[in-house]
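Enquirer: Data file target29.cif (mmCIF, N, CA and C atoms) is appended below.
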data_work
#
loop_
_atom_site.label_atom_id
_atom_site.label_comp_id
_atom_site.auth_asym_id
_atom_site.auth_seq_id
_atom_site.Cartn_x
_atom_site.Cartn_y
_atom_site.Cartn_z
N VAL A 1 97.60 4.12 -169.96
CA VAL A 1 97.05 4.11 -168.61
C VAL A 1 97.79 3.07 -167.79
N GLN A 2 98.21 3.46 -166.59
CA GLN A 2 98.91 2.53 -165.70
C GLN A 2 98.32 2.61 -164.30
N LEU A 3 98.48 1.51 -163.56
CA LEU A 3 98.12 1.49 -162.15
C LEU A 3 99.38 1.26 -161.33
N GLN A 4 99.49 2.02 -160.27
CA GLN A 4 100.65 1.89 -159.38
C GLN A 4 100.13 1.67 -157.97
N ALA A 5 100.48 0.50 -157.42
CA ALA A 5 100.09 0.19 -156.03
C ALA A 5 101.25 0.51 -155.10
N SER A 6 100.94 1.05 -153.96
CA SER A 6 101.98 1.38 -152.97
C SER A 6 101.39 1.35 -151.57
N GLY A 7 102.25 1.48 -150.58
CA GLY A 7 101.81 1.58 -149.20
C GLY A 7 102.06 0.34 -148.37
N GLY A 8 102.56 -0.70 -148.98
CA GLY A 8 102.85 -1.90 -148.22
C GLY A 8 104.04 -1.72 -147.30
N GLY A 9 104.27 -2.72 -146.47
CA GLY A 9 105.39 -2.66 -145.56
C GLY A 9 105.31 -3.75 -144.52
N LEU A 10 106.16 -3.61 -143.51
CA LEU A 10 106.20 -4.56 -142.40
C LEU A 10 105.50 -3.93 -141.20
N VAL A 11 104.56 -4.66 -140.62
CA VAL A 11 103.80 -4.14 -139.49
C VAL A 11 103.57 -5.28 -138.50
N GLN A 12 103.41 -4.94 -137.25
CA GLN A 12 103.14 -5.95 -136.24
C GLN A 12 101.66 -6.32 -136.22
N THR A 13 101.36 -7.46 -135.67
CA THR A 13 99.98 -7.89 -135.50
C THR A 13 99.18 -6.81 -134.78
N GLY A 14 98.01 -6.51 -135.32
CA GLY A 14 97.17 -5.48 -134.75
C GLY A 14 97.39 -4.10 -135.34
N GLY A 15 98.41 -3.97 -136.15
CA GLY A 15 98.73 -2.69 -136.75
C GLY A 15 97.88 -2.37 -137.96
N SER A 16 98.18 -1.23 -138.58
CA SER A 16 97.40 -0.76 -139.72
C SER A 16 98.32 -0.33 -140.86
N LEU A 17 97.79 -0.43 -142.05
CA LEU A 17 98.45 0.08 -143.24
C LEU A 17 97.37 0.61 -144.18
N ARG A 18 97.74 1.59 -144.98
CA ARG A 18 96.83 2.05 -146.03
C ARG A 18 97.51 1.88 -147.38
N LEU A 19 96.93 1.07 -148.22
CA LEU A 19 97.44 0.88 -149.57
C LEU A 19 96.77 1.88 -150.51
N SER A 20 97.53 2.31 -151.50
CA SER A 20 97.00 3.22 -152.51
C SER A 20 97.18 2.59 -153.88
N CYS A 21 96.24 2.83 -154.75
CA CYS A 21 96.31 2.39 -156.13
C CYS A 21 96.01 3.62 -156.99
N VAL A 22 97.02 4.11 -157.67
CA VAL A 22 96.90 5.34 -158.43
C VAL A 22 96.90 5.05 -159.92
N ALA A 23 95.91 5.57 -160.60
CA ALA A 23 95.86 5.45 -162.06
C ALA A 23 96.50 6.68 -162.67
N SER A 24 97.40 6.46 -163.63
CA SER A 24 98.09 7.57 -164.27
C SER A 24 98.01 7.42 -165.79
N GLY A 25 98.33 8.49 -166.45
CA GLY A 25 98.22 8.50 -167.91
C GLY A 25 96.93 9.18 -168.30
N ARG A 26 96.37 8.76 -169.43
CA ARG A 26 95.13 9.36 -169.90
C ARG A 26 93.96 8.68 -169.19
N VAL A 27 93.61 9.24 -168.03
CA VAL A 27 92.55 8.67 -167.20
C VAL A 27 91.36 9.62 -167.18
N SER A 28 90.23 9.12 -167.64
CA SER A 28 89.01 9.91 -167.55
C SER A 28 88.24 9.55 -166.30
N SER A 29 88.16 8.24 -166.01
CA SER A 29 87.48 7.81 -164.79
C SER A 29 87.89 6.38 -164.47
N ILE A 30 87.83 6.08 -163.19
CA ILE A 30 88.04 4.72 -162.72
C ILE A 30 86.67 4.12 -162.52
N ASN A 31 86.32 3.14 -163.31
CA ASN A 31 84.97 2.59 -163.26
C ASN A 31 84.76 1.69 -162.05
N GLY A 32 85.80 1.12 -161.55
CA GLY A 32 85.74 0.23 -160.40
C GLY A 32 87.13 -0.26 -160.11
N MET A 33 87.29 -0.91 -158.98
CA MET A 33 88.62 -1.43 -158.65
C MET A 33 88.49 -2.60 -157.71
N THR A 34 89.39 -3.55 -157.86
CA THR A 34 89.45 -4.70 -156.99
C THR A 34 90.84 -4.82 -156.43
N TRP A 35 90.92 -5.08 -155.15
CA TRP A 35 92.19 -5.43 -154.52
C TRP A 35 92.22 -6.95 -154.37
N TYR A 36 93.32 -7.53 -154.80
CA TYR A 36 93.58 -8.96 -154.64
C TYR A 36 94.83 -9.11 -153.77
N ARG A 37 95.02 -10.32 -153.28
CA ARG A 37 96.28 -10.62 -152.62
C ARG A 37 96.68 -12.05 -152.93
N GLN A 38 97.97 -12.27 -152.87
CA GLN A 38 98.50 -13.60 -153.12
C GLN A 38 99.68 -13.84 -152.22
N ALA A 39 99.57 -14.88 -151.43
CA ALA A 39 100.66 -15.29 -150.56
C ALA A 39 101.45 -16.40 -151.24
N PRO A 40 102.70 -16.59 -150.89
CA PRO A 40 103.52 -17.64 -151.52
C PRO A 40 102.86 -19.00 -151.39
N GLY A 41 102.75 -19.71 -152.50
CA GLY A 41 102.18 -21.04 -152.49
C GLY A 41 100.67 -21.09 -152.42
N LYS A 42 100.05 -19.92 -152.45
CA LYS A 42 98.58 -19.88 -152.37
C LYS A 42 98.00 -19.22 -153.62
N GLU A 43 96.73 -19.48 -153.86
CA GLU A 43 96.06 -18.87 -154.99
C GLU A 43 95.73 -17.40 -154.70
N ARG A 44 95.57 -16.65 -155.78
CA ARG A 44 95.19 -15.25 -155.62
C ARG A 44 93.79 -15.19 -155.01
N GLU A 45 93.62 -14.26 -154.07
CA GLU A 45 92.37 -14.13 -153.34
C GLU A 45 91.81 -12.73 -153.53
N LEU A 46 90.52 -12.62 -153.82
CA LEU A 46 89.88 -11.32 -153.89
C LEU A 46 89.72 -10.79 -152.48
N VAL A 47 90.12 -9.55 -152.27
CA VAL A 47 90.07 -8.94 -150.94
C VAL A 47 88.89 -7.97 -150.82
N ALA A 48 88.79 -7.05 -151.78
CA ALA A 48 87.75 -6.03 -151.70
C ALA A 48 87.51 -5.43 -153.08
N THR A 49 86.28 -5.01 -153.31
CA THR A 49 85.94 -4.35 -154.56
C THR A 49 85.12 -3.10 -154.30
N ILE A 50 85.23 -2.16 -155.22
CA ILE A 50 84.39 -0.97 -155.20
C ILE A 50 83.98 -0.70 -156.64
N ASN A 51 82.69 -0.38 -156.84
CA ASN A 51 82.26 -0.13 -158.22
C ASN A 51 82.05 1.36 -158.46
N SER A 52 81.56 1.68 -159.64
CA SER A 52 81.42 3.09 -160.01
C SER A 52 80.41 3.81 -159.13
N GLY A 53 79.49 3.05 -158.52
CA GLY A 53 78.51 3.65 -157.63
C GLY A 53 78.93 3.61 -156.18
N ASN A 54 80.20 3.25 -155.95
CA ASN A 54 80.78 3.17 -154.60
C ASN A 54 80.21 2.05 -153.75
N THR A 55 79.60 1.08 -154.38
CA THR A 55 79.20 -0.12 -153.65
C THR A 55 80.45 -0.96 -153.41
N THR A 56 80.58 -1.45 -152.19
CA THR A 56 81.77 -2.20 -151.82
C THR A 56 81.42 -3.63 -151.42
N ASN A 57 82.39 -4.51 -151.60
CA ASN A 57 82.26 -5.89 -151.17
C ASN A 57 83.60 -6.35 -150.64
N TYR A 58 83.55 -7.26 -149.67
CA TYR A 58 84.76 -7.71 -149.02
C TYR A 58 84.77 -9.23 -148.87
N ALA A 59 85.98 -9.77 -148.87
CA ALA A 59 86.13 -11.17 -148.50
C ALA A 59 85.75 -11.31 -147.04
N ASP A 60 85.18 -12.46 -146.69
CA ASP A 60 84.77 -12.67 -145.30
C ASP A 60 85.94 -12.51 -144.34
N SER A 61 87.11 -12.88 -144.80
CA SER A 61 88.29 -12.86 -143.93
C SER A 61 88.73 -11.45 -143.54
N VAL A 62 88.26 -10.43 -144.27
CA VAL A 62 88.69 -9.06 -143.97
C VAL A 62 87.55 -8.14 -143.57
N LYS A 63 86.32 -8.64 -143.60
CA LYS A 63 85.18 -7.80 -143.25
C LYS A 63 85.33 -7.24 -141.85
N GLY A 64 85.04 -5.96 -141.72
CA GLY A 64 85.14 -5.30 -140.43
C GLY A 64 86.54 -4.81 -140.11
N ARG A 65 87.52 -5.21 -140.90
CA ARG A 65 88.90 -4.78 -140.65
C ARG A 65 89.45 -3.92 -141.79
N PHE A 66 89.04 -4.22 -143.01
CA PHE A 66 89.52 -3.50 -144.19
C PHE A 66 88.43 -2.62 -144.75
N THR A 67 88.83 -1.50 -145.32
CA THR A 67 87.89 -0.59 -145.97
C THR A 67 88.47 -0.13 -147.31
N ILE A 68 87.69 -0.33 -148.36
CA ILE A 68 88.09 0.16 -149.67
C ILE A 68 87.36 1.47 -149.94
N SER A 69 88.07 2.43 -150.51
CA SER A 69 87.46 3.73 -150.80
C SER A 69 88.14 4.32 -152.03
N ARG A 70 87.56 5.40 -152.53
CA ARG A 70 88.13 6.02 -153.73
C ARG A 70 88.15 7.53 -153.60
N GLU A 71 89.10 8.14 -154.25
CA GLU A 71 89.19 9.59 -154.31
C GLU A 71 89.32 9.94 -155.79
N ASN A 72 88.20 10.25 -156.41
CA ASN A 72 88.17 10.42 -157.86
C ASN A 72 89.08 11.55 -158.34
N ALA A 73 89.15 12.61 -157.57
CA ALA A 73 89.96 13.75 -157.99
C ALA A 73 91.44 13.39 -158.11
N LYS A 74 91.85 12.35 -157.39
CA LYS A 74 93.25 11.93 -157.43
C LYS A 74 93.42 10.62 -158.20
N ASN A 75 92.35 10.15 -158.84
CA ASN A 75 92.41 8.87 -159.57
C ASN A 75 93.01 7.77 -158.70
N THR A 76 92.56 7.71 -157.48
CA THR A 76 93.16 6.81 -156.49
C THR A 76 92.10 6.00 -155.77
N VAL A 77 92.43 4.74 -155.55
CA VAL A 77 91.60 3.86 -154.72
C VAL A 77 92.47 3.40 -153.56
N TYR A 78 91.90 3.41 -152.37
CA TYR A 78 92.63 3.05 -151.16
C TYR A 78 92.13 1.73 -150.58
N LEU A 79 93.00 1.09 -149.83
CA LEU A 79 92.60 -0.04 -149.00
C LEU A 79 93.16 0.20 -147.62
N GLN A 80 92.29 0.61 -146.71
CA GLN A 80 92.68 0.80 -145.32
C GLN A 80 92.60 -0.54 -144.61
N MET A 81 93.70 -0.96 -144.04
CA MET A 81 93.76 -2.27 -143.39
C MET A 81 94.08 -2.07 -141.92
N ASN A 82 93.14 -2.45 -141.08
CA ASN A 82 93.30 -2.35 -139.63
C ASN A 82 93.30 -3.73 -139.00
N SER A 83 93.75 -3.78 -137.77
CA SER A 83 93.77 -5.04 -137.01
C SER A 83 94.41 -6.16 -137.84
N LEU A 84 95.56 -5.86 -138.40
CA LEU A 84 96.22 -6.82 -139.28
C LEU A 84 96.66 -8.06 -138.54
N LYS A 85 96.59 -9.17 -139.25
CA LYS A 85 96.96 -10.47 -138.71
C LYS A 85 98.08 -11.08 -139.57
N PRO A 86 98.83 -12.00 -139.03
CA PRO A 86 99.88 -12.64 -139.83
C PRO A 86 99.34 -13.27 -141.11
N GLU A 87 98.11 -13.76 -141.08
CA GLU A 87 97.54 -14.37 -142.27
C GLU A 87 97.18 -13.36 -143.36
N ASP A 88 97.29 -12.08 -143.06
CA ASP A 88 97.12 -11.05 -144.09
C ASP A 88 98.40 -10.84 -144.90
N THR A 89 99.47 -11.47 -144.49
CA THR A 89 100.73 -11.33 -145.21
C THR A 89 100.59 -11.85 -146.63
N ALA A 90 100.88 -10.98 -147.60
CA ALA A 90 100.73 -11.34 -149.01
C ALA A 90 101.19 -10.15 -149.85
N ARG A 91 101.24 -10.40 -151.14
CA ARG A 91 101.45 -9.30 -152.07
C ARG A 91 100.07 -8.86 -152.53
N TYR A 92 99.81 -7.57 -152.44
CA TYR A 92 98.51 -7.01 -152.75
C TYR A 92 98.56 -6.31 -154.11
N PHE A 93 97.55 -6.62 -154.93
CA PHE A 93 97.46 -6.07 -156.27
C PHE A 93 96.14 -5.33 -156.44
N CYS A 94 96.15 -4.29 -157.26
CA CYS A 94 94.90 -3.65 -157.63
C CYS A 94 94.69 -3.87 -159.13
N LYS A 95 93.45 -4.03 -159.49
CA LYS A 95 93.11 -4.29 -160.89
C LYS A 95 91.72 -3.75 -161.15
N GLY A 96 91.57 -3.09 -162.30
CA GLY A 96 90.25 -2.58 -162.58
C GLY A 96 90.12 -1.94 -163.94
N PRO A 97 88.89 -1.62 -164.33
CA PRO A 97 88.61 -0.97 -165.60
C PRO A 97 88.80 0.55 -165.50
N ILE A 98 89.58 1.07 -166.42
CA ILE A 98 89.86 2.50 -166.46
C ILE A 98 89.35 3.05 -167.80
N PHE A 99 88.56 4.10 -167.74
CA PHE A 99 88.07 4.74 -168.95
C PHE A 99 89.02 5.87 -169.30
N ASP A 100 89.57 5.78 -170.54
CA ASP A 100 90.55 6.80 -170.92
C ASP A 100 89.93 7.94 -171.73
N GLY A 101 88.63 7.98 -171.78
CA GLY A 101 87.93 9.01 -172.53
C GLY A 101 87.41 8.51 -173.87
N VAL A 102 87.98 7.36 -174.30
CA VAL A 102 87.57 6.76 -175.57
C VAL A 102 87.12 5.32 -175.35
N ILE A 103 87.99 4.57 -174.71
CA ILE A 103 87.69 3.18 -174.44
C ILE A 103 87.99 2.85 -172.98
N THR A 104 87.49 1.70 -172.55
CA THR A 104 87.77 1.20 -171.20
C THR A 104 88.80 0.09 -171.31
N VAL A 105 89.83 0.22 -170.52
CA VAL A 105 90.90 -0.78 -170.51
C VAL A 105 91.02 -1.36 -169.12
N ILE A 106 91.43 -2.60 -169.04
CA ILE A 106 91.67 -3.26 -167.76
C ILE A 106 93.16 -3.16 -167.47
N ARG A 107 93.49 -2.68 -166.31
CA ARG A 107 94.87 -2.57 -165.89
C ARG A 107 95.06 -3.20 -164.53
N GLU A 108 96.30 -3.67 -164.30
CA GLU A 108 96.67 -4.25 -163.01
C GLU A 108 97.98 -3.63 -162.56
N GLY A 109 98.04 -3.25 -161.31
CA GLY A 109 99.26 -2.70 -160.75
C GLY A 109 100.26 -3.81 -160.47
N GLN A 110 101.48 -3.42 -160.16
CA GLN A 110 102.56 -4.38 -159.98
C GLN A 110 102.53 -5.05 -158.62
N GLY A 111 101.74 -4.54 -157.71
CA GLY A 111 101.64 -5.14 -156.40
C GLY A 111 102.52 -4.47 -155.37
N THR A 112 102.10 -4.60 -154.13
CA THR A 112 102.87 -4.08 -153.00
C THR A 112 102.83 -5.12 -151.88
N GLN A 113 103.97 -5.34 -151.26
CA GLN A 113 104.10 -6.42 -150.27
C GLN A 113 103.66 -5.95 -148.89
N VAL A 114 102.82 -6.76 -148.26
CA VAL A 114 102.40 -6.52 -146.88
C VAL A 114 102.87 -7.71 -146.05
N THR A 115 103.61 -7.42 -145.00
CA THR A 115 104.10 -8.47 -144.11
C THR A 115 103.69 -8.12 -142.69
N VAL A 116 102.98 -9.04 -142.06
CA VAL A 116 102.50 -8.83 -140.70
C VAL A 116 103.23 -9.81 -139.79
N SER A 117 103.98 -9.27 -138.85
CA SER A 117 104.75 -10.12 -137.94
C SER A 117 103.92 -10.45 -136.71
N SER A 118 104.16 -11.65 -136.20
CA SER A 118 103.40 -12.10 -135.01
C SER A 118 104.11 -11.72 -133.73
#
Take the structure from the file and write it as structure tokens.
Expert:
Amino acid sequence: VQLQASGGGLVQTGGSLRLSCVASGRVSSINGMTWYRQAPGKERELVATINSGNTTNYADSVKGRFTISRENAKNTVYLQMNSLKPEDTARYFCKGPIFDGVITVIREGQGTQVTVSS
């Protein structure tokens, strides 16, 4: 089982991006997912989470601007990011428990870079 994060890029302040986190391999279900971000010289920060019941939680810094969602049929979790600010610049990672039909494993994607220009 692997996670692949994508969708990052360079965007101007106020712009939008949608990140995707796709689980591949022997995937039975995605039990939950968390998006993290880490900027150079800073600690990793939790951005948003979604659980198996679709309950979501967000860091205060992104509430009202970011939305986490899932599309089970595609084994994909999204992070819609609107009204982006320069302080959102970071490498974004997805990490979560994936049930492969036998056991649950924790996987983390390689990350995707988001750069917001002022």
Enquirer: Go ahead and compute the interatomic distance for atom CA of A:Ser24 and atom CA of A:Tyr58, in Å to one decimal.
Expert: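 Result for atom CA of A:Ser24 versus atom CA of A:Tyr58: 25.4 Å, one decimal.
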Enquirer: Check the smallest atom-to-atom distance from each of A:Arg37, A:Arg70, A:Lys63, A:Lys85 to A:Gly14 using only C-alpha atoms, then report the winner.
Expert: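 Closest candidate: A:Lys85.
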Enquirer: Quick one: pick out all helix (DSSP H, G or I) residues within stretch 43-95 of chain A from a backbone DSSP run and write them as a PDB file with N, CA and C atoms, keeping the file's coordinate frame.
Expert:
ATOM      1  N   ASN A  72      88.200  10.250-156.410  1.00  0.00           N
ATOM      2  CA  ASN A  72      88.170  10.420-157.860  1.00  0.00           C
ATOM      3  C   ASN A  72      89.080  11.550-158.340  1.00  0.00           C
ATOM      4  N   ALA A  73      89.150  12.610-157.570  1.00  0.00           N
ATOM      5  CA  ALA A  73      89.960  13.750-157.990  1.00  0.00           C
ATOM      6  C   ALA A  73      91.440  13.390-158.110  1.00  0.00           C
ATOM      7  N   LYS A  74      91.850  12.350-157.390  1.00  0.00           N
ATOM      8  CA  LYS A  74      93.250  11.930-157.430  1.00  0.00           C
ATOM      9  C   LYS A  74      93.420  10.620-158.200  1.00  0.00           C
ATOM     10  N   PRO A  86      98.830 -12.000-139.030  1.00  0.00           N
ATOM     11  CA  PRO A  86      99.880 -12.640-139.830  1.00  0.00           C
ATOM     12  C   PRO A  86      99.340 -13.270-141.110  1.00  0.00           C
ATOM     13  N   GLU A  87      98.110 -13.760-141.080  1.00  0.00           N
ATOM     14  CA  GLU A  87      97.540 -14.370-142.270  1.00  0.00           C
ATOM     15  C   GLU A  87      97.180 -13.360-143.360  1.00  0.00           C
ATOM     16  N   ASP A  88      97.290 -12.080-143.060  1.00  0.00           N
ATOM     17  CA  ASP A  88      97.120 -11.050-144.090  1.00  0.00           C
ATOM     18  C   ASP A  88      98.400 -10.840-144.900  1.00  0.00           C
TER      19      ASP A  88
END
Enquirer: Point out the residue among A:Cys94, A:Gln2, A:Arg65, A:Asn57 with the least atom-to-atom distance to A:Ala23, counting only C-alpha atoms.
Expert: A:Gln2
Enquirer: Show me, as a PyMOL selection string, the residues that have an atom within 6 Å of A:Ile30 when counting all atoms listed in the file, minus same-chain residues fewer than 5 positions from it.
Expert: chain A and resi 52+97-99
Enquirer: Apply the PyMOL selection byres (((chain A and resi 107 and name CA) around 7) and name CA) to the displayed file and report the matching residues as a list in words.
Expert: Gln2, Leu3, Lys95, Gly96, Pro97, Val105, Ile106, Glu108 and Gly109 of chain A
Enquirer: For the residues selected in the previous step, produce a file with N, CA and C atoms as a short mmCIF file (atom, residue, chain, number, x, y, z; two decimals), keeping the file's coordinate frame.
Expert:
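What follows is the written file again.cif:
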data_model
loop_
_atom_site.label_atom_id
_atom_site.label_comp_id
_atom_site.auth_asym_id
_atom_site.auth_seq_id
_atom_site.Cartn_x
_atom_site.Cartn_y
_atom_site.Cartn_z
N GLN A 2 98.21 3.46 -166.59
CA GLN A 2 98.91 2.53 -165.70
C GLN A 2 98.32 2.61 -164.30
N LEU A 3 98.48 1.51 -163.56
CA LEU A 3 98.12 1.49 -162.15
C LEU A 3 99.38 1.26 -161.33
N LYS A 95 93.45 -4.03 -159.49
CA LYS A 95 93.11 -4.29 -160.89
C LYS A 95 91.72 -3.75 -161.15
N GLY A 96 91.57 -3.09 -162.30
CA GLY A 96 90.25 -2.58 -162.58
C GLY A 96 90.12 -1.94 -163.94
N PRO A 97 88.89 -1.62 -164.33
CA PRO A 97 88.61 -0.97 -165.60
C PRO A 97 88.80 0.55 -165.50
N VAL A 105 89.83 0.22 -170.52
CA VAL A 105 90.90 -0.78 -170.51
C VAL A 105 91.02 -1.36 -169.12
N ILE A 106 91.43 -2.60 -169.04
CA ILE A 106 91.67 -3.26 -167.76
C ILE A 106 93.16 -3.16 -167.47
N GLU A 108 96.30 -3.67 -164.30
CA GLU A 108 96.67 -4.25 -163.01
C GLU A 108 97.98 -3.63 -162.56
N GLY A 109 98.04 -3.25 -161.31
CA GLY A 109 99.26 -2.70 -160.75
C GLY A 109 100.26 -3.81 -160.47
#
Enquirer: Measuring atom to atom with only C-alpha atoms, identify which of A:Thr112, A:Ser61, A:Thr55, A:Ser83 is nearest to A:Ser6.
Expert: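 Distance minimum relative to A:Ser6 lands on A:Thr112.
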Enquirer: Could you check which of A:Gly25, A:Gly32, A:Pro86, A:Gly15 is closest to A:Asp100, using all atoms listed in the file?
Expert: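 Selected residue with least distance to A:Asp100: A:Gly25.
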Enquirer: What residues come out when you apply the PyMOL selection byres ((chain A and resi 88) around 6.5) to this file, written as a list of chain:residue names?
Expert: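 That selection, the PyMOL selection byres ((chain A and resi 88) around 6.5), comes back as A:Leu84, A:Lys85, A:Pro86, A:Glu87, A:Thr89, A:Ala90, A:Val114, A:Thr115, A:Val116.
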Enquirer: Can you work out the spacing between atom CA of A:Ala59 and atom CA of A:Val1 in Å, to one decimal?
Expert: 27.5 Å
Enquirer: I'd like the interatomic distance between atom C of A:Ser69 and atom CA of A:Ile50, to a tenth of an Å.
Expert: 7.2 Å
Enquirer: Counting only N, CA and C atoms, which of A:Val11, A:Ala5, A:Met33, A:Ala39 gets nearest to A:Asn51?
Expert: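 The closest residue to A:Asn51 is A:Met33.
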Enquirer: Let me know the residues the PyMOL selection byres ((chain A and resi 36) around 5) catches in the file above, as a PyMOL selection string.
Expert: chain A and resi 34-35+37-38+45-47+92-94
Enquirer: Considering only N, CA and C atoms, state which residue in the set A:Val77, A:Thr67, A:Pro40, A:Cys21 is at the smallest distance from A:Arg91.
Expert: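 Smallest distance to A:Arg91 is found for A:Pro40.
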Enquirer: What are the centre and edge lengths in Å, to one decimal, of the axis-aligned box around all listed atoms of stretch 26-44 of chain A with 4 Å added on each side, as AutoDock Vina command-line options?
Expert:
--center_x 94.1 --center_y -5.6 --center_z -160.2 --size_x 26.8 --size_y 39.0 --size_z 27.3
Enquirer: Output as a PyMOL selection string all residues of chain A that backbone DSSP marks as strand (DSSP E or B).
Expert: chain A and resi 2-6+9-12+17-24+29-30+33-38+45-50+56-58+66-71+76-81+90-99+104-108+112-117
Enquirer: Skip A:Leu17 itself and residues of its chain fewer than 6 positions away, then list as a ChimeraX atom specification all residues within 8 Å of it, counting all atoms listed in the file.
Expert: /A:7-9,11,79-84
